[in-house]
Amino acid sequence: MLKFENIRKVFGDNEVLKSVSLEVPTGKVVVILGPSGSGKTTLLRCGNYLEPPTSGIVQLDDIIVNRDKYSKRQLKLLRENCTMVFQNYNLFKNKSALENVMEGLVIVKKIKKNEATDIAEMYLQKVGLGDRMDFYPSQQSGGQQQRVGIARAMAMEPRVILFDEPTAALDPELVDDVLEVMKSVAEAGMTMAVVTHEMQFAREVADEVVFMADGYIVEQGTPEDIFNNPQQERTKQFLTRVRRAG
Amino acid sequence: MYEFNMKIFEGAFSPIASCMGVTLFLTFATFIIGFMMALAIAFLSMSKNKAVSAFLKIWLSFFRGTPLLVQLFFFVYGLFPNLPLTRSMTPIWHAIICLSLAYSAYMAETIRGAIQSVDKGQLEGCLSIGMTYFQGMRRIILPQAVHYMIPPLSNNFLEVFKGTSLASMVGITEMMLKAKMLSSRNLRFMEIYLAVLCIYWGLNIIFTIIQKYIENHLNQKYA
């Protein structure tokens, strides 16, 4: 389980996260929705400390990273077990798809190259890119790059994968392929925390939906609760606007 | 009316070129050592430590703000022969260290700029799978930064190459000093110095062709 405990984040004068607490239970998919500026991406990035919180605790099972006192080793363990898929893919531009997926296995997990190659090939086949393993990111479409990004995150065999608006930068035709891959990752039992604007995905795949605004959690519940029976006015406003736009 | 003597001009090439090895040695040694110093400076310049920043500011101001010729006189004739660490080195190494210190101050800016040109997301990608900052730098960021570094570093290299001629002023027998010695014997300044200019020019053209080849080769990968 990934646990956010009283996470506060301040940028200068701006309190972007106001003491947020959230649990992502093992094997479950938590989708975080909200308008821009709500703090949802910042919260996600606190999960693997790409954004160190100003205060609070991030806990992944037995790995505890307390902002006031944490060791480098705990941080490294957190990042090895809590990987991320980025809106802009962040694939290593100087490495092929296969090398991208292998990198963490060889360098971080210290797996032998042969074995790492086999593992990487398997994950690339899982995301439908078995025939494009030697291509560089610049030679792949956005959807293909994102699927490599998902394979790279999965290959580390983490306990949690964080998805930061994974389809936001994609052309509409490419979004479905990526969402399908994400669905299969969820079906395989991976613990996932997903920030997205894809409401249909949230309805179909999420175990829990969390609505954030202005740096705090406004409301959370099952997709059924949130989409069909929102309690808070702010949530209702957001969903109405989204329906109008969609 | 000065009569240009073709025979003297042509005859100057061979003796001057015999010192090409020294010029090239000075060039490559300075460039390589200077580059390593520049790497260190570039990384230090990205540190948030106030003492480090202040020290670097003074260091870079000194080496960029004083004439290279004067630096050579100070280090080769003054400091290095008297420092325990460098006392036992030969003068050519004193010259190389001084030139390296001087040119590293310029190359550091090239390196820092190139590293910062690499998309920040690359480092986030590294960290997100548990790589350390240094692993990320070494395996992902620096190799990409090299691509951005090649054009400006090639210019730095050519500056180093031309700058080695100043070592003639502190007694290092490279091409320029050889030319000086020749011309002081026969007083045919125009022919001798034109010859040495032609050699520098020719080598410069060769280096430029190699630089273009390397740039094209690297562009294929990142196109």
# chains A, B, ... in the order shown; residues from 1 in each chain; ligands from 1
>>> closest_atom_pairs(of="chain A", to="chain B", cutoff="8 Å", atoms="only C-alpha atoms", output="tab-separated table")
residue	atom	partner	partner_atom	distance
A:Asn48	CA	B:Ser128	CA	7.1
A:Leu50	CA	B:Glu124	CA	7.1
A:Lys76	CA	B:Gly130	CA	5.6
A:Leu77	CA	B:Gly130	CA	7.3
A:Leu78	CA	B:Gly130	CA	7.9
A:Arg79	CA	B:Gly130	CA	4.7
A:Glu80	CA	B:Gly130	CA	4.5
A:Cys82	CA	B:Ser128	CA	7.7
A:Thr83	CA	B:Ser128	CA	5.4
A:Met84	CA	B:Ser128	CA	5.8
A:Asn88	CA	B:Gly121	CA	7.8
A:Asn90	CA	B:Gly121	CA	5.2
A:Leu91	CA	B:Gly125	CA	6.6
A:Phe92	CA	B:Gln122	CA	6.1
A:Lys93	CA	B:Tyr222	CA	7.5
A:Asn94	CA	B:Gln144	CA	6.6
A:Gly104	CA	B:Ile129	CA	5.9
A:Ile107	CA	B:Met131	CA	7.3
A:Val108	CA	B:Met131	CA	6.0
A:Ser138	CA	B:Ala223	CA	7.1
A:Ala153	CA	B:Ile129	CA	7.1
A:Met156	CA	B:Ile129	CA	7.2
>>> select_by_dssp(residues="range 207-237 of chain A", states="helix (DSSP H, G or I)", output="list in words")
Pro223, Glu224, Asp225, Ile226, Phe227, Asn228, Glu233, Arg234, Thr235, Lys236 and Gln237 of chain A
>>> write_last_selection(atoms="N, CA, C and O atoms", output="mmCIF file, in the first residue's frame")
data_model
loop_
_atom_site.group_PDB
_atom_site.id
_atom_site.type_symbol
_atom_site.label_atom_id
_atom_site.label_comp_id
_atom_site.auth_asym_id
_atom_site.auth_seq_id
_atom_site.Cartn_x
_atom_site.Cartn_y
_atom_site.Cartn_z
ATOM 1 N N PRO A 223 -16.207 4.931 -8.227
ATOM 2 C CA PRO A 223 -16.617 5.676 -9.431
ATOM 3 C C PRO A 223 -18.123 5.932 -9.434
ATOM 4 O O PRO A 223 -18.579 7.020 -9.791
ATOM 5 N N GLU A 224 -18.870 4.941 -9.003
ATOM 6 C CA GLU A 224 -20.320 5.035 -8.898
ATOM 7 C C GLU A 224 -20.723 6.223 -8.021
ATOM 8 O O GLU A 224 -21.532 7.075 -8.391
ATOM 9 N N ASP A 225 -20.075 6.310 -6.819
ATOM 10 C CA ASP A 225 -20.367 7.416 -5.885
ATOM 11 C C ASP A 225 -20.079 8.759 -6.521
ATOM 12 O O ASP A 225 -20.898 9.679 -6.501
ATOM 13 N N ILE A 226 -18.875 8.879 -7.054
ATOM 14 C CA ILE A 226 -18.405 10.195 -7.489
ATOM 15 C C ILE A 226 -19.124 10.649 -8.755
ATOM 16 O O ILE A 226 -19.579 11.789 -8.845
ATOM 17 N N PHE A 227 -19.252 9.771 -9.732
ATOM 18 C CA PHE A 227 -19.825 10.211 -11.011
ATOM 19 C C PHE A 227 -21.348 10.312 -10.964
ATOM 20 O O PHE A 227 -21.936 11.199 -11.572
ATOM 21 N N ASN A 228 -21.974 9.386 -10.250
ATOM 22 C CA ASN A 228 -23.441 9.372 -10.262
ATOM 23 C C ASN A 228 -24.066 10.093 -9.076
ATOM 24 O O ASN A 228 -25.222 10.510 -9.153
ATOM 25 N N GLU A 233 -20.488 20.332 -3.637
ATOM 26 C CA GLU A 233 -20.811 21.283 -4.699
ATOM 27 C C GLU A 233 -19.672 21.423 -5.699
ATOM 28 O O GLU A 233 -19.879 21.452 -6.905
ATOM 29 N N ARG A 234 -18.456 21.495 -5.141
ATOM 30 C CA ARG A 234 -17.258 21.682 -5.996
ATOM 31 C C ARG A 234 -17.110 20.526 -6.975
ATOM 32 O O ARG A 234 -16.762 20.727 -8.143
ATOM 33 N N THR A 235 -17.368 19.326 -6.466
ATOM 34 C CA THR A 235 -17.285 18.121 -7.309
ATOM 35 C C THR A 235 -18.322 18.200 -8.419
ATOM 36 O O THR A 235 -18.035 17.926 -9.588
ATOM 37 N N LYS A 236 -19.548 18.588 -8.035
ATOM 38 C CA LYS A 236 -20.635 18.674 -9.028
ATOM 39 C C LYS A 236 -20.281 19.674 -10.125
ATOM 40 O O LYS A 236 -20.483 19.410 -11.310
ATOM 41 N N GLN A 237 -19.747 20.845 -9.714
ATOM 42 C CA GLN A 237 -19.354 21.875 -10.693
ATOM 43 C C GLN A 237 -18.358 21.308 -11.697
ATOM 44 O O GLN A 237 -18.498 21.489 -12.899
#
>>> residues_around(residues="Phe25 in chain B", least_positions_apart="6", cutoff="12 Å", atoms="only C-alpha atoms", output="count of residues only")
15
>>> residues_around(residues="Ser96 in chain A", least_positions_apart="3", cutoff="8 Å", atoms="only C-alpha atoms", output="list in words")
Phe92, Lys93, Glu99, Asn100, Met133, Asp134, Phe135, Tyr136 and Pro137 of chain A
>>> residues_around(residues="range 42-47 of chain A", least_positions_apart="3", cutoff="10 Å", atoms="only C-alpha atoms", output="NGL selection string")
(:A and (2-4 or 7-9 or 16-17 or 20-22 or 32 or 37-39 or 50-54 or 56-60 or 65 or 78-79 or 82-84 or 160-164 or 193-195 or 215-216)) or (:B and (128))
>>> residues_around(residues="Arg188 in chain B", least_positions_apart="6", cutoff="9 Å", atoms="only C-alpha atoms", output="list of chain:residue names")
B:Phe4, B:Asn5, B:Ile8, B:Phe9, B:Leu182
>>> write_last_selection(atoms="N, CA, C and O atoms", output="PDB file, in the first residue's frame")
ATOM      1  N   PHE B   4      60.171  39.040 -52.154  1.00  0.00           N
ATOM      2  CA  PHE B   4      59.755  37.791 -51.530  1.00  0.00           C
ATOM      3  C   PHE B   4      60.536  36.626 -52.138  1.00  0.00           C
ATOM      4  O   PHE B   4      60.534  36.441 -53.342  1.00  0.00           O
ATOM      5  N   ASN B   5      61.190  35.832 -51.290  1.00  0.00           N
ATOM      6  CA  ASN B   5      62.028  34.744 -51.772  1.00  0.00           C
ATOM      7  C   ASN B   5      61.306  33.413 -51.631  1.00  0.00           C
ATOM      8  O   ASN B   5      61.148  32.877 -50.527  1.00  0.00           O
ATOM      9  N   ILE B   8      63.194  30.456 -49.893  1.00  0.00           N
ATOM     10  CA  ILE B   8      63.266  30.546 -48.433  1.00  0.00           C
ATOM     11  C   ILE B   8      61.915  30.178 -47.821  1.00  0.00           C
ATOM     12  O   ILE B   8      61.831  29.463 -46.825  1.00  0.00           O
ATOM     13  N   PHE B   9      60.856  30.697 -48.491  1.00  0.00           N
ATOM     14  CA  PHE B   9      59.486  30.389 -48.032  1.00  0.00           C
ATOM     15  C   PHE B   9      59.254  28.879 -48.021  1.00  0.00           C
ATOM     16  O   PHE B   9      58.855  28.304 -47.007  1.00  0.00           O
ATOM     17  N   LEU B 182      64.366  30.657 -36.678  1.00  0.00           N
ATOM     18  CA  LEU B 182      64.755  30.674 -38.083  1.00  0.00           C
ATOM     19  C   LEU B 182      64.883  32.108 -38.588  1.00  0.00           C
ATOM     20  O   LEU B 182      65.859  32.473 -39.244  1.00  0.00           O
TER      21      LEU B 182
END
>>> residues_around(residues="Ile210 in chain B", least_positions_apart="4", cutoff="12 Å", atoms="only C-alpha atoms", output="ChimeraX atom specification")
/B:150-151,154,157-158,203-206,214-217
>>> closest_residue(among="A:Leu129, A:Asp214, A:Asp171, A:Asp68", to="Asn14 in chain A", atoms="only C-alpha atoms")
A:Asp214
>>> atom_distance(atom1="CA of Met199 in chain A", atom2="CA of Asp176 in chain A")
12.7 Å
>>> atom_distance(atom1="CA of Ser47 in chain B", atom2="CA of Tyr133 in chain B")
13.0 Å
>>> atom_distance(atom1="CA of Lys18 in chain A", atom2="CA of Leu75 in chain A")
22.6 Å
